[in-house]
Amino acid sequence: AQSVTQPDIHITVSEGASLELRCNYSYGATPYLFWYVQSPGQGLQLLLKYFSGDTLVQGIKGFEAEFKRSQSSFNLRKPSVHWSDAAEYFCATTSGTYKYIFGTGTRLKVLA
Amino acid sequence: KAGVTQTPRYLIKTRGQQVTLSCSPISGHRSVSWYQQTPGQGLQFLFEYFSETQRNKGNFPGRFSGRQFSNSRSEMNVSTLELGDSALYLCASRVDRGTSEQYFGPGTRLTVT
């Protein structure tokens with residue numbers, strides 16, 4: 001069965017530092033992958049998506065993600081983190097039945 | 001274009017009562033999915049509706065039900081509320097059932113006392 005794993009439950013970075021959030025997927029064919037961000041008490045906002053083609057995907061708010069089939073990964077990156085990026089980040093994929101499968105989330109804390 | 005709207009945003013109910021939550025998808029979106037989010041269990045899929053038919057269902061008891069109307073608006077109902085039903089209920093819509101991305105509403109915070 002398809003699955004998504006986010007190995008880091010919490011990550012703390014200093015403002016201005018670079019960020020990489022890890023996501024690993026398991027799926028035989030080319031997966032459809034997404035990153036979402038959730039601020040406390042709010043819904044999820046789509047940051048970026050990968051369907052096919054260029055393996056480096058640009059998203060909103062300065063985020064990007066790289067699809068690496070050899071590593072079964074779709075890690076989210078940002079070169080310079082802002083305090084407003086503090087939130088919870090979810091990696092997701094869709095299954096053959098079109099059901100979304102979410103990772104358990106990574107909570108990002110940004111130090112001033 | 002307006003986003004996904006959910007009403008009410010906050011709700012307090014007593015154990016044993018029932019509750020109905022509403023979701024209006026983005027105009028033109030025909031698929032609506034519901035999720036329950038709790039600190040302990042994370043994001044859990046409840047069900048998906050497309051063209052007024054339930055297409056996918058998560059592992060929740062029969063107390064959780066939903067429906068979709070011809071205008072794609074959706075409601076979910078929880079009967080005989082339990083304390084453990086306290087959660088943020090999120091609705092998401094997408095254009096169709098393919099691999100298109102989902103867009104989420106702000107959620108309904110349900111507290112059961």
# chains A, B, ... in the order shown; residues from 1 in each chain; ligands from 1
>>> interface_residues(of="chain A", to="chain B", cutoff="10 Å", atoms="only C-alpha atoms", output="NGL selection string")
:A and (31-34 or 36 or 38 or 41-46 or 48-51 or 90 or 93-105)
>>> residues_around(residues="segment 12-28 of chain A", least_positions_apart="3", cutoff="8 Å", atoms="only C-alpha atoms", output="ChimeraX atom specification")
/A:1-8,31,71-83,91,93,103,106,108-112
>>> select_by_dssp(residues="segment 23-74 of chain A", states="strand (DSSP E)", output="list in words")
Asn24, Tyr25, Ser26, Leu33, Phe34, Trp35, Tyr36, Val37, Gln38, Leu44, Gln45, Leu46, Leu47, Leu48, Lys49, Tyr50, Leu56, Val57, Gln58, Glu64, Ala65, Glu66, Phe67, Lys68, Ser73 and Phe74 of chain A
>>> residues_around(residues="Phe50 of chain B", least_positions_apart="4", cutoff="10 Å", atoms="only C-alpha atoms", output="PDB file with C-alpha atoms, in the first residue's frame")
ATOM      1  CA  HIS B  29     -15.028  21.512  -7.806  1.00  0.00           C
ATOM      2  CA  ARG B  30     -17.007  18.298  -7.723  1.00  0.00           C
ATOM      3  CA  SER B  31     -15.087  16.231  -5.190  1.00  0.00           C
ATOM      4  CA  VAL B  32     -15.334  16.910  -1.475  1.00  0.00           C
ATOM      5  CA  SER B  33     -13.387  15.053   1.192  1.00  0.00           C
ATOM      6  CA  GLN B  54     -19.600   8.392  -1.569  1.00  0.00           C
ATOM      7  CA  ARG B  55     -16.486   7.165  -3.378  1.00  0.00           C
ATOM      8  CA  ASN B  56     -14.040   6.491  -0.578  1.00  0.00           C
ATOM      9  CA  ARG B  67     -23.794  13.500   1.921  1.00  0.00           C
ATOM     10  CA  GLN B  68     -23.286  15.711  -1.060  1.00  0.00           C
ATOM     11  CA  PHE B  69     -25.855  17.808  -2.819  1.00  0.00           C
ATOM     12  CA  SER B  70     -26.297  18.491  -6.511  1.00  0.00           C
ATOM     13  CA  SER B  72     -21.476  19.896  -4.680  1.00  0.00           C
ATOM     14  CA  SER B  74     -21.457  18.644   1.421  1.00  0.00           C
ATOM     15  CA  SER B  93     -12.357  20.074  -2.458  1.00  0.00           C
ATOM     16  CA  ARG B  94     -10.816  19.340  -5.812  1.00  0.00           C
ATOM     17  CA  VAL B  95     -11.912  19.585  -9.404  1.00  0.00           C
ATOM     18  CA  ASP B  96     -12.391  15.866  -9.897  1.00  0.00           C
ATOM     19  CA  ARG B  97     -11.350  12.518  -8.491  1.00  0.00           C
TER      20      ARG B  97
END
>>> closest_residue(among="A:Arg107, A:Gly53, A:Leu47, A:Val37", to="Ala65 of chain A", atoms="only C-alpha atoms")
A:Leu47
>>> select_by_dssp(residues="segment 65-104 of chain A", states="helix (DSSP H, G or I)", output="number ranges by chain")
A: 69-71, 83-85
>>> atom_distance(atom1="atom CA of Ser65 of chain B", atom2="atom CA of Asn77 of chain B")
5.2 Å
>>> atom_distance(atom1="atom CA of Gly84 of chain B", atom2="atom CA of Glu88 of chain A")
22.5 Å
>>> residues_around(residues="Thr55 of chain A", least_positions_apart="2", cutoff="8 Å", atoms="only C-alpha atoms", output="list of chain:residue names")
A:Tyr50, A:Ser52, A:Gly53, A:Val57, A:Glu66, A:Phe67, A:Lys68
>>> write_last_selection(atoms="N, CA and C atoms", output="CSV table (one decimal), in the first residue's frame")
chain,number,residue,atom,x,y,z
A,50,TYR,N,3.8,17.9,-7.2
A,50,TYR,CA,4.6,17.2,-8.3
A,50,TYR,C,3.7,16.1,-8.9
A,52,SER,N,4.6,15.2,-12.6
A,52,SER,CA,5.6,14.6,-13.5
A,52,SER,C,6.5,15.7,-14.1
A,53,GLY,N,7.4,15.3,-14.9
A,53,GLY,CA,8.3,16.3,-15.5
A,53,GLY,C,9.5,16.7,-14.6
A,57,VAL,N,10.5,21.3,-8.1
A,57,VAL,CA,9.2,22.0,-8.2
A,57,VAL,C,9.3,23.3,-7.3
A,66,GLU,N,12.2,18.7,-4.2
A,66,GLU,CA,12.9,18.0,-5.3
A,66,GLU,C,12.4,16.5,-5.2
A,67,PHE,N,12.0,16.0,-6.3
A,67,PHE,CA,11.6,14.6,-6.4
A,67,PHE,C,12.8,13.7,-6.8
A,68,LYS,N,13.1,12.8,-5.9
A,68,LYS,CA,14.2,11.9,-6.2
A,68,LYS,C,13.7,10.4,-6.2
>>> residues_around(residues="Pro8 of chain B", least_positions_apart="3", cutoff="8 Å", atoms="only C-alpha atoms", output="PyMOL selection string")
chain B and resi 11+21-22+108
>>> write_last_selection(atoms="N, CA and C atoms", output="PDB file, in the first residue's frame")
ATOM      1  N   LEU B  11     -17.907  24.930  17.460  1.00  0.00           N
ATOM      2  CA  LEU B  11     -19.123  24.273  17.906  1.00  0.00           C
ATOM      3  C   LEU B  11     -18.828  23.569  19.226  1.00  0.00           C
ATOM      4  N   LEU B  21     -22.095  19.351  10.160  1.00  0.00           N
ATOM      5  CA  LEU B  21     -21.138  20.339   9.682  1.00  0.00           C
ATOM      6  C   LEU B  21     -21.328  20.524   8.180  1.00  0.00           C
ATOM      7  N   SER B  22     -21.085  21.732   7.727  1.00  0.00           N
ATOM      8  CA  SER B  22     -21.328  22.040   6.321  1.00  0.00           C
ATOM      9  C   SER B  22     -20.055  22.489   5.620  1.00  0.00           C
ATOM     10  N   THR B 108     -13.793  23.181  11.050  1.00  0.00           N
ATOM     11  CA  THR B 108     -14.758  23.394  12.130  1.00  0.00           C
ATOM     12  C   THR B 108     -14.187  22.760  13.383  1.00  0.00           C
TER      13      THR B 108
END
>>> residues_around(residues="Lys13 of chain B", least_positions_apart="2", cutoff="12 Å", atoms="only C-alpha atoms", output="PyMOL selection string")
chain B and resi 10-11+15-20+78-83+85-87+109-113
>>> write_last_selection(atoms="N, CA and C atoms", output="mmCIF file, in the first residue's frame")
data_model
loop_
_atom_site.group_PDB
_atom_site.id
_atom_site.type_symbol
_atom_site.label_atom_id
_atom_site.label_comp_id
_atom_site.auth_asym_id
_atom_site.auth_seq_id
_atom_site.Cartn_x
_atom_site.Cartn_y
_atom_site.Cartn_z
ATOM 1 N N TYR B 10 -16.815 27.094 14.869
ATOM 2 C CA TYR B 10 -16.653 26.544 16.217
ATOM 3 C C TYR B 10 -17.991 26.009 16.707
ATOM 4 N N LEU B 11 -17.907 24.930 17.460
ATOM 5 C CA LEU B 11 -19.123 24.273 17.906
ATOM 6 C C LEU B 11 -18.828 23.569 19.226
ATOM 7 N N ARG B 15 -22.019 15.372 25.040
ATOM 8 C CA ARG B 15 -21.951 13.939 24.726
ATOM 9 C C ARG B 15 -23.360 13.380 24.516
ATOM 10 N N GLY B 16 -23.538 12.589 23.476
ATOM 11 C CA GLY B 16 -24.828 12.003 23.160
ATOM 12 C C GLY B 16 -25.626 12.776 22.125
ATOM 13 N N GLN B 17 -25.282 14.043 21.933
ATOM 14 C CA GLN B 17 -25.975 14.841 20.919
ATOM 15 C C GLN B 17 -25.466 14.476 19.529
ATOM 16 N N GLN B 18 -26.105 15.067 18.529
ATOM 17 C CA GLN B 18 -25.620 14.905 17.166
ATOM 18 C C GLN B 18 -25.253 16.270 16.607
ATOM 19 N N VAL B 19 -24.453 16.271 15.549
ATOM 20 C CA VAL B 19 -23.998 17.528 14.978
ATOM 21 C C VAL B 19 -23.902 17.383 13.454
ATOM 22 N N THR B 20 -24.168 18.490 12.776
ATOM 23 C CA THR B 20 -24.037 18.541 11.315
ATOM 24 C C THR B 20 -23.107 19.676 10.940
ATOM 25 N N VAL B 78 -22.419 13.684 12.664
ATOM 26 C CA VAL B 78 -21.925 12.754 13.683
ATOM 27 C C VAL B 78 -23.042 12.574 14.701
ATOM 28 N N SER B 79 -23.478 11.369 14.859
ATOM 29 C CA SER B 79 -24.542 11.100 15.815
ATOM 30 C C SER B 79 -23.945 10.564 17.118
ATOM 31 N N THR B 80 -24.721 10.651 18.166
ATOM 32 C CA THR B 80 -24.312 10.141 19.480
ATOM 33 C C THR B 80 -22.862 10.514 19.790
ATOM 34 N N LEU B 81 -22.635 11.786 19.903
ATOM 35 C CA LEU B 81 -21.280 12.294 20.093
ATOM 36 C C LEU B 81 -20.600 11.706 21.327
ATOM 37 N N GLU B 82 -19.297 11.471 21.153
ATOM 38 C CA GLU B 82 -18.452 11.004 22.247
ATOM 39 C C GLU B 82 -17.357 12.038 22.499
ATOM 40 N N LEU B 83 -16.795 11.986 23.702
ATOM 41 C CA LEU B 83 -15.744 12.951 24.030
ATOM 42 C C LEU B 83 -14.604 12.887 23.020
ATOM 43 N N ASP B 85 -14.687 12.554 19.984
ATOM 44 C CA ASP B 85 -15.000 13.174 18.681
ATOM 45 C C ASP B 85 -14.554 14.629 18.634
ATOM 46 N N SER B 86 -14.095 15.148 19.752
ATOM 47 C CA SER B 86 -13.576 16.515 19.777
ATOM 48 C C SER B 86 -12.375 16.593 18.847
ATOM 49 N N ALA B 87 -12.447 17.496 17.886
ATOM 50 C CA ALA B 87 -11.402 17.544 16.857
ATOM 51 C C ALA B 87 -11.626 18.742 15.959
ATOM 52 N N ARG B 109 -14.023 23.567 14.413
ATOM 53 C CA ARG B 109 -13.512 23.061 15.684
ATOM 54 C C ARG B 109 -14.692 22.586 16.516
ATOM 55 N N LEU B 110 -14.782 21.280 16.710
ATOM 56 C CA LEU B 110 -15.860 20.681 17.497
ATOM 57 C C LEU B 110 -15.325 20.284 18.870
ATOM 58 N N THR B 111 -16.008 20.757 19.883
ATOM 59 C CA THR B 111 -15.670 20.370 21.250
ATOM 60 C C THR B 111 -16.871 19.648 21.840
ATOM 61 N N VAL B 112 -16.636 18.450 22.344
ATOM 62 C CA VAL B 112 -17.694 17.659 22.963
ATOM 63 C C VAL B 112 -17.436 17.610 24.468
ATOM 64 N N THR B 113 -18.428 18.036 25.242
ATOM 65 C CA THR B 113 -18.256 18.078 26.703
ATOM 66 C C THR B 113 -19.159 17.051 27.382
#
>>> atom_distance(atom1="atom CA of Phe63 of chain A", atom2="atom CA of Ala29 of chain A")
25.2 Å
>>> closest_residue(among="A:Ser70, A:Ile11, A:Thr30, A:Gln58", to="Asp85 of chain A", atoms="only C-alpha atoms")
A:Ile11
